[in-house]
file work12.pdb (PDB, C-alpha atoms and all ligand atoms)
MODEL        1
ATOM      1  CA  MET A1020     159.004 -38.235-131.631
ATOM      2  CA  PRO A1021     155.210 -38.121-131.976
ATOM      3  CA  ARG A1022     153.428 -41.434-132.042
ATOM      4  CA  SER A1023     149.766 -42.248-131.974
ATOM      5  CA  ILE A1024     147.629 -45.298-132.056
ATOM      6  CA  ARG A1025     143.999 -45.410-133.025
ATOM      7  CA  MET A1026     141.220 -47.652-134.166
ATOM      8  CA  THR A1027     139.711 -46.633-137.487
ATOM      9  CA  LYS A1028     137.088 -48.081-139.806
ATOM     10  CA  ASN A1029     140.029 -49.687-141.570
ATOM     11  CA  GLY A1030     141.427 -51.265-138.396
ATOM     12  CA  ILE A1031     144.313 -50.229-136.130
ATOM     13  CA  VAL A1032     146.615 -47.486-137.392
ATOM     14  CA  TYR A1033     149.901 -46.678-135.697
ATOM     15  CA  GLN A1034     151.507 -43.419-136.642
ATOM     16  CA  LEU A1035     155.272 -43.276-136.324
ATOM     17  CA  ASP A1036     157.019 -40.084-137.429
ATOM     18  CA  GLY A1037     154.790 -39.579-140.416
ATOM     19  CA  MET A1038     154.764 -43.278-141.330
ATOM     20  CA  GLN A1039     151.531 -45.250-141.018
ATOM     21  CA  ILE A1040     151.527 -48.856-139.872
ATOM     22  CA  TYR A1041     148.251 -50.697-140.404
ATOM     23  CA  LEU A1042     147.610 -53.755-138.262
ATOM     24  CA  ASP A1043     145.265 -56.263-139.947
ATOM     25  CA  PRO A1044     143.561 -53.562-142.057
ATOM     26  CA  LYS A1045     140.285 -54.318-143.823
ATOM     27  CA  ASN A1046     141.707 -52.787-146.975
ATOM     28  CA  VAL A1047     145.407 -52.559-147.708
ATOM     29  CA  ALA A1048     146.405 -48.894-147.606
ATOM     30  CA  SER A1049     148.482 -47.690-150.549
ATOM     31  CA  GLU A1050     151.043 -45.936-148.335
ATOM     32  CA  GLY A1051     152.824 -47.157-145.248
ATOM     33  CA  ILE A1052     153.058 -50.745-144.075
ATOM     34  CA  ASN A1053     150.199 -53.221-143.870
ATOM     35  CA  PHE A1054     150.744 -56.086-141.462
ATOM     36  CA  ILE A1055     148.580 -59.191-141.899
ATOM     37  CA  SER A1056     148.836 -61.438-138.834
ATOM     38  CA  HIS A1057     147.267 -64.611-140.266
ATOM     39  CA  ALA A1058     144.906 -65.983-142.891
ATOM     40  CA  HIS A1059     141.596 -66.213-140.988
ATOM     41  CA  SER A1060     138.977 -64.368-142.988
ATOM     42  CA  ASP A1061     138.353 -61.703-140.312
ATOM     43  CA  HIS A1062     142.026 -60.719-140.607
ATOM     44  CA  LEU A1063     142.450 -60.919-144.368
ATOM     45  CA  PRO A1064     142.018 -57.666-146.283
ATOM     46  CA  SER A1065     139.570 -57.540-149.156
ATOM     47  CA  GLN A1066     141.610 -55.268-151.400
ATOM     48  CA  ASN A1067     145.231 -54.882-152.367
ATOM     49  CA  GLY A1068     147.147 -51.591-152.246
ATOM     50  CA  GLY A1069     150.556 -50.944-150.705
ATOM     51  CA  ILE A1070     153.185 -53.131-149.105
ATOM     52  CA  ILE A1071     151.956 -56.190-147.185
ATOM     53  CA  LEU A1072     154.124 -57.562-144.392
ATOM     54  CA  SER A1073     153.167 -61.126-143.484
ATOM     55  CA  SER A1074     154.572 -64.639-143.180
ATOM     56  CA  MET A1075     155.206 -66.880-146.174
ATOM     57  CA  GLU A1076     152.630 -69.389-144.854
ATOM     58  CA  THR A1077     149.957 -66.711-144.458
ATOM     59  CA  ASN A1078     150.630 -65.611-148.024
ATOM     60  CA  GLU A1079     150.162 -69.213-149.280
ATOM     61  CA  ILE A1080     147.023 -69.899-147.235
ATOM     62  CA  ALA A1081     145.520 -66.527-148.198
ATOM     63  CA  SER A1082     145.972 -67.311-151.853
ATOM     64  CA  LEU A1083     144.234 -70.703-151.422
ATOM     65  CA  ARG A1084     141.378 -68.746-149.843
ATOM     66  CA  GLY A1085     141.157 -66.406-152.811
ATOM     67  CA  PHE A1086     143.200 -63.398-151.689
ATOM     68  CA  ARG A1087     146.399 -62.979-153.654
ATOM     69  CA  MET A1088     148.721 -60.565-151.858
ATOM     70  CA  GLU A1089     150.429 -58.063-154.121
ATOM     71  CA  ASN A1090     153.612 -56.339-152.900
ATOM     72  CA  PHE A1091     154.153 -59.064-150.308
ATOM     73  CA  VAL A1092     157.265 -59.110-148.102
ATOM     74  CA  ASP A1093     158.019 -61.472-145.223
ATOM     75  CA  ALA A1094     160.735 -59.370-143.568
ATOM     76  CA  MET A1095     161.463 -55.707-143.008
ATOM     77  CA  ASP A1096     164.051 -53.769-140.991
ATOM     78  CA  ASP A1097     162.862 -52.681-137.514
ATOM     79  CA  PHE A1098     159.855 -55.022-137.630
ATOM     80  CA  SER A1099     159.945 -58.492-136.078
ATOM     81  CA  LEU A1100     157.373 -61.135-136.890
ATOM     82  CA  ILE A1101     156.823 -63.185-133.732
ATOM     83  CA  ASP A1102     155.233 -66.677-133.688
ATOM     84  CA  SER A1103     151.778 -66.306-132.169
ATOM     85  CA  GLY A1104     150.945 -70.030-131.988
ATOM     86  CA  HIS A1105     147.388 -69.447-133.257
ATOM     87  CA  ILE A1106     147.381 -71.247-136.624
ATOM     88  CA  LEU A1107     150.081 -72.145-139.156
ATOM     89  CA  GLY A1108     151.962 -68.977-140.150
ATOM     90  CA  ALA A1109     150.235 -66.757-137.570
ATOM     91  CA  LYS A1110     152.461 -63.936-136.294
ATOM     92  CA  GLY A1111     152.400 -61.025-133.934
ATOM     93  CA  LEU A1112     154.328 -57.847-134.759
ATOM     94  CA  LEU A1113     156.993 -56.191-132.614
ATOM     95  CA  PHE A1114     158.082 -52.695-133.634
ATOM     96  CA  ASP A1115     158.949 -49.421-131.899
ATOM     97  CA  ASP A1116     158.583 -51.154-128.495
ATOM     98  CA  VAL A1117     154.988 -52.070-129.366
ATOM     99  CA  PHE A1118     153.779 -55.668-129.564
ATOM    100  CA  TYR A1119     150.609 -56.455-131.490
ATOM    101  CA  THR A1120     149.484 -60.026-130.806
ATOM    102  CA  GLY A1121     147.156 -60.650-133.731
ATOM    103  CA  ASP A1122     145.335 -63.813-132.563
ATOM    104  CA  ILE A1123     147.488 -65.599-130.029
ATOM    105  CA  CYS A1124     147.744 -68.928-128.190
ATOM    106  CA  THR A1125     150.410 -69.718-125.598
ATOM    107  CA  ARG A1126     149.402 -73.411-125.301
ATOM    108  CA  GLU A1127     151.245 -75.949-127.466
ATOM    109  CA  ARG A1128     148.799 -78.001-129.575
ATOM    110  CA  ALA A1129     149.913 -80.802-131.909
ATOM    111  CA  PHE A1130     152.234 -79.249-134.535
ATOM    112  CA  LEU A1131     151.622 -75.721-133.252
ATOM    113  CA  LYS A1132     154.149 -74.425-130.751
ATOM    114  CA  ALA A1133     153.224 -72.015-127.982
ATOM    115  CA  ALA A1134     153.503 -68.326-128.876
ATOM    116  CA  ALA A1135     156.755 -66.496-128.246
ATOM    117  CA  ILE A1136     156.248 -63.524-125.921
ATOM    118  CA  PRO A1137     158.553 -60.523-126.360
ATOM    119  CA  LYS A1138     159.144 -57.691-123.896
ATOM    120  CA  CYS A1139     157.524 -54.413-124.914
ATOM    121  CA  LYS A1140     156.395 -51.053-123.592
ATOM    122  CA  THR A1141     152.991 -51.058-125.266
ATOM    123  CA  LEU A1142     150.895 -54.167-125.819
ATOM    124  CA  ILE A1143     147.931 -54.448-128.155
ATOM    125  CA  THR A1144     146.326 -57.761-127.305
ATOM    126  CA  GLU A1145     143.303 -59.696-128.436
ATOM    127  CA  CYS A1146     141.040 -60.925-125.616
ATOM    128  CA  THR A1147     138.571 -63.241-127.355
ATOM    129  CA  PHE A1148     138.324 -65.272-124.139
ATOM    130  CA  GLY A1149     138.992 -62.418-121.701
ATOM    131  CA  LEU A1150     136.499 -63.548-119.057
ATOM    132  CA  PRO A1151     137.474 -65.625-115.987
ATOM    133  CA  GLU A1152     134.937 -68.321-116.955
ATOM    134  CA  PHE A1153     137.149 -69.324-119.883
ATOM    135  CA  ILE A1154     139.757 -71.702-118.523
ATOM    136  CA  PHE A1155     140.645 -74.471-120.956
ATOM    137  CA  PRO A1156     141.728 -78.014-120.029
ATOM    138  CA  LYS A1157     145.156 -79.373-120.900
ATOM    139  CA  ILE A1158     145.570 -80.970-124.334
ATOM    140  CA  ASP A1159     146.352 -84.348-122.736
ATOM    141  CA  GLU A1160     143.025 -84.303-120.884
ATOM    142  CA  ILE A1161     141.215 -83.457-124.114
ATOM    143  CA  LYS A1162     142.968 -86.321-125.920
ATOM    144  CA  ILE A1163     141.888 -88.825-123.264
ATOM    145  CA  THR A1164     138.278 -87.591-123.158
ATOM    146  CA  VAL A1165     137.843 -87.586-126.926
ATOM    147  CA  ASN A1166     139.591 -90.914-127.523
ATOM    148  CA  GLU A1167     137.241 -92.466-124.944
ATOM    149  CA  ILE A1168     134.188 -91.027-126.686
ATOM    150  CA  ILE A1169     135.362 -92.269-130.099
ATOM    151  CA  SER A1170     136.284 -95.666-128.705
ATOM    152  CA  ASP A1171     132.850 -96.028-127.132
ATOM    153  CA  LEU A1172     131.101 -95.029-130.377
ATOM    154  CA  TYR A1173     133.314 -97.393-132.409
ATOM    155  CA  SER A1174     132.262-100.275-130.159
ATOM    156  CA  LYS A1175     128.675 -99.490-131.174
ATOM    157  CA  GLY A1176     129.637 -99.284-134.846
ATOM    158  CA  LYS A1177     128.896 -95.564-135.023
ATOM    159  CA  PRO A1178     130.866 -93.196-137.277
ATOM    160  CA  VAL A1179     132.184 -89.973-135.753
ATOM    161  CA  ILE A1180     132.488 -86.508-137.302
ATOM    162  CA  LEU A1181     135.013 -84.186-135.652
ATOM    163  CA  LEU A1182     134.112 -80.534-136.249
ATOM    164  CA  GLY A1183     136.430 -77.516-136.095
ATOM    165  CA  TYR A1184     137.136 -74.352-138.108
ATOM    166  CA  GLN A1185     138.330 -75.299-141.572
ATOM    167  CA  LEU A1186     141.611 -73.391-141.141
ATOM    168  CA  GLY A1187     143.486 -74.083-137.917
ATOM    169  CA  LYS A1188     141.290 -76.244-135.709
ATOM    170  CA  ALA A1189     140.614 -78.856-138.389
ATOM    171  CA  GLN A1190     144.362 -79.417-138.852
ATOM    172  CA  THR A1191     144.988 -79.634-135.099
ATOM    173  CA  ILE A1192     142.187 -82.208-134.804
ATOM    174  CA  SER A1193     143.523 -84.090-137.847
ATOM    175  CA  SER A1194     146.915 -84.227-136.162
ATOM    176  CA  ILE A1195     145.711 -85.258-132.690
ATOM    177  CA  PHE A1196     143.069 -87.804-133.769
ATOM    178  CA  GLY A1197     144.425 -88.875-137.179
ATOM    179  CA  HIS A1198     145.341 -92.289-135.766
ATOM    180  CA  TRP A1199     141.690 -93.394-135.963
ATOM    181  CA  LYS A1200     141.002 -95.436-139.085
ATOM    182  CA  PRO A1201     139.468 -95.321-141.558
ATOM    183  CA  LEU A1202     139.987 -91.562-141.673
ATOM    184  CA  TYR A1203     138.112 -89.268-144.046
ATOM    185  CA  TYR A1204     138.142 -85.517-144.558
ATOM    186  CA  HIS A1205     135.440 -83.133-145.661
ATOM    187  CA  ASP A1206     136.647 -81.971-149.113
ATOM    188  CA  SER A1207     137.348 -78.423-147.850
ATOM    189  CA  VAL A1208     139.423 -79.737-144.939
ATOM    190  CA  LYS A1209     141.296 -82.081-147.288
ATOM    191  CA  LYS A1210     142.288 -79.099-149.440
ATOM    192  CA  MET A1211     143.546 -77.163-146.424
ATOM    193  CA  ASN A1212     145.364 -80.219-145.039
ATOM    194  CA  ASP A1213     147.067 -80.788-148.404
ATOM    195  CA  LEU A1214     148.399 -77.224-148.300
ATOM    196  CA  HIS A1215     149.620 -77.718-144.726
ATOM    197  CA  ARG A1216     151.456 -80.873-145.824
ATOM    198  CA  LYS A1217     153.034 -78.912-148.675
ATOM    199  CA  LEU A1218     154.203 -76.361-146.088
ATOM    200  CA  GLY A1219     155.869 -79.078-144.020
ATOM    201  CA  VAL A1220     153.190 -80.146-141.515
ATOM    202  CA  THR A1221     152.838 -83.906-141.062
ATOM    203  CA  LEU A1222     149.175 -84.916-141.330
ATOM    204  CA  GLU A1223     147.650 -88.315-142.112
ATOM    205  CA  GLU A1224     146.435 -88.807-145.663
ATOM    206  CA  GLY A1225     142.702 -89.338-145.994
ATOM    207  CA  MET A1226     140.064 -89.518-148.716
ATOM    208  CA  GLY A1227     137.760 -86.542-149.288
ATOM    209  CA  HIS A1228     134.076 -87.063-148.417
ATOM    210  CA  THR A1229     132.765 -86.911-151.996
ATOM    211  CA  GLU A1230     135.108 -89.642-153.154
ATOM    212  CA  ALA A1231     134.518 -91.701-149.997
ATOM    213  CA  GLU A1232     130.764 -91.523-150.382
ATOM    214  CA  SER A1233     130.606 -92.249-154.112
ATOM    215  CA  GLY A1234     133.001 -95.157-153.641
ATOM    216  CA  GLY A1235     130.730 -96.638-150.963
ATOM    217  CA  PHE A1236     133.448 -96.406-148.304
ATOM    218  CA  LEU A1237     131.196 -94.599-145.827
ATOM    219  CA  ASP A1238     128.833 -97.611-145.786
ATOM    220  CA  LYS A1239     131.549 -99.584-144.004
ATOM    221  CA  LYS A1240     131.139 -98.306-140.460
ATOM    222  CA  PRO A1241     132.551 -97.075-138.151
ATOM    223  CA  TRP A1242     134.867 -94.334-139.443
ATOM    224  CA  VAL A1243     136.155 -90.907-138.399
ATOM    225  CA  MET A1244     135.809 -87.762-140.504
ATOM    226  CA  VAL A1245     137.211 -84.279-139.885
ATOM    227  CA  ALA A1246     134.865 -81.539-141.133
ATOM    228  CA  PRO A1247     134.495 -77.743-140.783
ATOM    229  CA  MET A1248     132.408 -76.422-137.872
ATOM    230  CA  MET A1249     128.733 -76.746-138.835
ATOM    231  CA  SER A1250     125.502 -76.784-136.879
ATOM    232  CA  GLN A1251     123.239 -79.844-136.642
ATOM    233  CA  LYS A1252     120.872 -78.048-139.012
ATOM    234  CA  ASN A1253     123.447 -77.994-141.778
ATOM    235  CA  GLN A1254     122.494 -80.136-144.787
ATOM    236  CA  PHE A1255     125.783 -82.042-144.741
ATOM    237  CA  ILE A1256     125.439 -82.989-141.053
ATOM    238  CA  LYS A1257     121.757 -83.886-141.478
ATOM    239  CA  HIS A1258     122.673 -86.176-144.353
ATOM    240  CA  MET A1259     125.525 -87.824-142.447
ATOM    241  CA  LYS A1260     123.236 -88.403-139.464
ATOM    242  CA  GLU A1261     120.277 -89.734-141.455
ATOM    243  CA  LYS A1262     122.253 -91.952-143.790
ATOM    244  CA  TYR A1263     125.102 -93.184-141.552
ATOM    245  CA  ASP A1264     123.888 -92.480-138.012
ATOM    246  CA  ALA A1265     127.007 -90.341-137.463
ATOM    247  CA  VAL A1266     127.701 -88.661-134.119
ATOM    248  CA  THR A1267     129.314 -85.192-133.993
ATOM    249  CA  ILE A1268     132.035 -83.886-131.698
ATOM    250  CA  GLY A1269     132.564 -80.110-131.927
ATOM    251  CA  PHE A1270     135.809 -78.413-130.856
ATOM    252  CA  SER A1271     135.542 -74.802-129.764
ATOM    253  CA  GLY A1272     136.714 -72.512-126.995
ATOM    254  CA  TRP A1273     133.060 -71.576-126.472
ATOM    255  CA  ALA A1274     132.105 -75.175-125.656
ATOM    256  CA  LYS A1275     132.252 -74.732-121.886
ATOM    257  CA  SER A1276     130.445 -71.445-121.615
ATOM    258  CA  SER A1277     127.125 -71.460-119.830
ATOM    259  CA  ARG A1278     126.106 -68.268-121.634
ATOM    260  CA  PHE A1279     127.224 -68.833-125.208
ATOM    261  CA  SER A1280     125.205 -71.797-126.387
ATOM    262  CA  PHE A1281     126.585 -71.626-129.948
ATOM    263  CA  GLY A1282     129.595 -73.463-128.532
ATOM    264  CA  ARG A1283     127.415 -76.501-127.904
ATOM    265  CA  ARG A1284     125.771 -77.235-131.216
ATOM    266  CA  SER A1285     127.219 -80.726-131.593
ATOM    267  CA  ASP A1286     126.379 -84.021-129.862
ATOM    268  CA  TYR A1287     129.562 -83.562-127.818
ATOM    269  CA  SER A1288     131.360 -80.242-127.286
ATOM    270  CA  ILE A1289     135.032 -80.057-126.406
ATOM    271  CA  PRO A1290     136.744 -76.851-125.234
ATOM    272  CA  LEU A1291     139.752 -76.848-127.560
ATOM    273  CA  SER A1292     140.760 -73.367-128.653
ATOM    274  CA  ASP A1293     143.386 -71.670-130.813
ATOM    275  CA  HIS A1294     143.316 -68.651-128.496
ATOM    276  CA  CYS A1295     144.660 -67.999-124.999
ATOM    277  CA  ASP A1296     142.245 -68.660-122.167
ATOM    278  CA  PHE A1297     141.734 -66.053-119.433
ATOM    279  CA  ASN A1298     144.691 -67.054-117.244
ATOM    280  CA  GLU A1299     146.973 -67.349-120.263
ATOM    281  CA  LEU A1300     146.002 -63.833-121.353
ATOM    282  CA  VAL A1301     146.842 -62.420-117.920
ATOM    283  CA  GLU A1302     150.154 -64.297-117.911
ATOM    284  CA  LEU A1303     150.912 -63.006-121.409
ATOM    285  CA  VAL A1304     150.388 -59.410-120.258
ATOM    286  CA  HIS A1305     152.703 -59.927-117.266
ATOM    287  CA  LYS A1306     155.425 -61.539-119.374
ATOM    288  CA  THR A1307     155.594 -58.653-121.835
ATOM    289  CA  GLY A1308     156.167 -56.220-118.949
ATOM    290  CA  ALA A1309     154.044 -53.699-120.875
ATOM    291  CA  GLU A1310     153.357 -50.317-119.255
ATOM    292  CA  LYS A1311     150.258 -49.766-121.350
ATOM    293  CA  VAL A1312     147.832 -52.376-122.668
ATOM    294  CA  TYR A1313     145.184 -51.886-125.335
ATOM    295  CA  THR A1314     142.547 -54.596-125.629
ATOM    296  CA  ILE A1315     140.920 -55.577-128.932
ATOM    297  CA  HIS A1316     138.522 -58.370-130.051
ATOM    298  CA  GLY A1317     136.210 -60.015-127.573
ATOM    299  CA  PHE A1318     135.669 -58.929-123.983
ATOM    300  CA  VAL A1319     137.643 -55.702-124.326
ATOM    301  CA  GLU A1320     135.947 -53.805-121.439
ATOM    302  CA  GLU A1321     135.929 -56.708-119.021
ATOM    303  CA  PHE A1322     139.513 -57.711-119.672
ATOM    304  CA  ALA A1323     140.837 -54.133-119.505
ATOM    305  CA  SER A1324     139.055 -53.542-116.204
ATOM    306  CA  HIS A1325     140.470 -56.788-114.802
ATOM    307  CA  LEU A1326     143.968 -55.608-115.760
ATOM    308  CA  LYS A1327     143.347 -52.245-114.091
ATOM    309  CA  LYS A1328     142.256 -54.044-110.935
ATOM    310  CA  ILE A1329     145.605 -55.830-110.790
ATOM    311  CA  GLY A1330     147.472 -52.578-111.328
ATOM    312  CA  ILE A1331     148.104 -52.534-115.077
ATOM    313  CA  ASP A1332     147.233 -49.477-117.166
ATOM    314  CA  ALA A1333     144.777 -50.866-119.711
ATOM    315  CA  GLN A1334     141.958 -49.681-121.953
ATOM    316  CA  PRO A1335     139.978 -50.965-124.909
ATOM    317  CA  LEU A1336     141.113 -49.610-128.258
ATOM    318  CA  ARG A1337     137.991 -48.204-129.815
ATOM    319  CA  GLU A1338     137.132 -46.080-132.792
ATOM    320  CA  GLN A1339     137.177 -42.335-132.015
ATOM    321  CA  SER A1340     139.543 -42.654-129.067
ATOM    322  CA  LEU A1341     142.760 -41.001-130.165
ATOM    323  CA  ASP A1342     145.582 -41.650-127.788
ATOM    324  CA  ASP A1343     148.894 -39.893-128.112
ATOM    325  CA  TYR A1344     151.837 -40.967-126.104
ATOM    326  CA  VAL A1345     155.600 -40.858-126.156
TER     327      VAL A1345
HETATM  328 ZN    ZN B1401     142.284 -66.186-136.090
HETATM  329 ZN    ZN B1402     140.623 -63.355-135.190
ENDMDL
END

call {"tool": "encode", "arguments": {"input": "work12.pdb", "output": "C-alpha cells"}}
result
Amino acid sequence: MPRSIRMTKNGIVYQLDGMQIYLDPKNVASEGINFISHAHSDHLPSQNGGIILSSMETNEIASLRGFRMENFVDAMDDFSLIDSGHILGAKGLLFDDVFYTGDICTRERAFLKAAAIPKCKTLITECTFGLPEFIFPKIDEIKITVNEIISDLYSKGKPVILLGYQLGKAQTISSIFGHWKPLYYHDSVKKMNDLHRKLGVTLEEGMGHTEAESGGFLDKKPWVMVAPMMSQKNQFIKHMKEKYDAVTIGFSGWAKSSRFSFGRRSDYSIPLSDHCDFNELVELVHKTGAEKVYTIHGFVEEFASHLKKIGIDAQPLREQSLDDYV
C-alpha cells in the first residue's frame, strides 16, 4: 500500500491509502485526522476544521490558553496515544508502525513520568537538544544545588524568583521546590497550577502575586515565587528586584550551553529541561528499533548525521522533500 510522509507549510502530513494524518498541524485540516501532541503554543493549531485526536488534558489546557478544540476525540482505532513525559497530557502517536514523538522527555521529573517508548519501523523524532554538548544533570543533583542556593539567599533575607515556562516547567518547579515557604505564584502560573490540580496533580497552594503584593505579604522577606520565564529586562522582574531585592533562578535546557546565551538570562541558570538530552535521544532511537528516522525541531542536520555515523538511516524531514516508502 502506498504511504508517504512529508513536511508541508501546515506541518507533517502522512498519507496512508488515501487518508491524510496531520501531525501537530498549524491549521486543523477539514479531512483526515489531526493529531495534537500537547498544548504548548508552537504545537497548538490556530484554526479548527476536522477531527482532532489528542489527550483529554491537552484539550483542557488548550482551552485555558484560548483554543477550544472542536470535533475532539481522545481515542481512535489503530492509533495509540503514548505518554511522552514532556508536560501534563503530552503524547506521542503510534500508528501504521510509525512513531511520532511530539516533544519528548525520558527523564522522570516530579509528577511527570518518563516517556514510554514503543517499537516501530519509522520514527519521527524531535531533537531540540540534538547536540552532544547537551547532557543534563540528574534531578536529584538539581534539587540539591537549587535548595542550597535558596537556603543561602534565605539566610541573607533575600526573596527568590524561580523562572520556567508557564506551562510545564513552572509546574515541575512548583512541585520540586514547593516546600519553601512562604510560597507565591505569578498570577499566570497560579492559573495553570490550579488547572493542573483540577486534573489530579498535587501542587502546593500559593497566593498569586497581585494579591500578595497588594496585601503587603511580599514586604515580609524572604519568600519564594514561581514565575514564567522572563528576562532581567522584563518590567515585572525589574520591579521585583528594585522593590524587594529579589534574586532570580532560571530553569532551562539551554542554561549550560556556551553558545546559546539566552539560557543564562537569570542570576542563576539551572539546566532543567522537559526534553530529552543528547544521550537520551540516542537511547530513544535505539529502543524503538526504527529502521528509518526522520528528525524534526532543533538540530535536525547534526542529529541525523550523528545517527548515520552510528549506522542508523536518518534524515531531517524538510519541506519539499517527498519520501515514499513501503
Ligand atoms: Zn513542548
Ligand atoms: Zn515543541

call {"tool": "residues_around", "arguments": {"input": "work12.pdb", "residues": "A:Gly1183", "least_positions_apart": "2", "cutoff": "7 Å", "atoms": "only C-alpha atoms", "output": "list in words"}}
result
Leu1181, Gln1185, Lys1188, Ala1189, Ala1246, Pro1247, Met1248, Gly1269, Phe1270 and Ser1271 of chain A

call {"tool": "resolve_selection", "arguments": {"input": "work12.pdb", "expression": "the PyMOL selection byres (((not hetatm)) within 12 of (chain B and resi 1401))", "output": "PyMOL selection string"}}
result
chain A and resi 1043+1055-1063+1077+1103-1111+1120-1124+1145-1147+1184-1188+1292-1295+1316

call {"tool": "resolve_selection", "arguments": {"input": "work12.pdb", "expression": "the PyMOL selection byres (((chain A and resi 1319) around 12) and not hetatm)", "output": "number ranges by chain"}}
result
A: 1143-1150, 1312-1318, 1320-1326, 1333-1337

call {"tool": "resolve_selection", "arguments": {"input": "work12.pdb", "expression": "the PyMOL selection byres (((chain A and resi 1305) around 12) and not hetatm)", "output": "compact mmCIF listing (two decimals) with C-alpha atoms, in the coordinates of the input"}}
result
# COMPACT_ATOMS: atom_id res chain seq x y z
CA ILE A 1136 156.25 -63.52 -125.92
CA PRO A 1137 158.55 -60.52 -126.36
CA LYS A 1138 159.14 -57.69 -123.90
CA CYS A 1139 157.52 -54.41 -124.91
CA LYS A 1140 156.40 -51.05 -123.59
CA THR A 1141 152.99 -51.06 -125.27
CA LEU A 1142 150.90 -54.17 -125.82
CA ASN A 1298 144.69 -67.05 -117.24
CA GLU A 1299 146.97 -67.35 -120.26
CA LEU A 1300 146.00 -63.83 -121.35
CA VAL A 1301 146.84 -62.42 -117.92
CA GLU A 1302 150.15 -64.30 -117.91
CA LEU A 1303 150.91 -63.01 -121.41
CA VAL A 1304 150.39 -59.41 -120.26
CA LYS A 1306 155.43 -61.54 -119.37
CA THR A 1307 155.59 -58.65 -121.84
CA GLY A 1308 156.17 -56.22 -118.95
CA ALA A 1309 154.04 -53.70 -120.88
CA GLU A 1310 153.36 -50.32 -119.26
CA LYS A 1311 150.26 -49.77 -121.35
CA VAL A 1312 147.83 -52.38 -122.67
CA LEU A 1326 143.97 -55.61 -115.76
CA ILE A 1329 145.60 -55.83 -110.79
CA GLY A 1330 147.47 -52.58 -111.33
CA ILE A 1331 148.10 -52.53 -115.08
CA ASP A 1332 147.23 -49.48 -117.17

call {"tool": "closest_residue", "arguments": {"input": "work12.pdb", "among": "A:Val1047, A:Arg1128, A:Met1259, A:Leu1222", "to": "A:Ile1161", "atoms": "only C-alpha atoms"}}
result
A:Arg1128

call {"tool": "axis_aligned_box", "arguments": {"input": "work12.pdb", "around": "stretch 1235-1247 of chain A", "padding_each_side": "4 Å", "output": "lines of an AutoDock Vina configuration file"}}
result
center_x = 133.0
center_y = -88.7
center_z = -144.6
size_x = 16.4
size_y = 29.8
size_z = 20.8
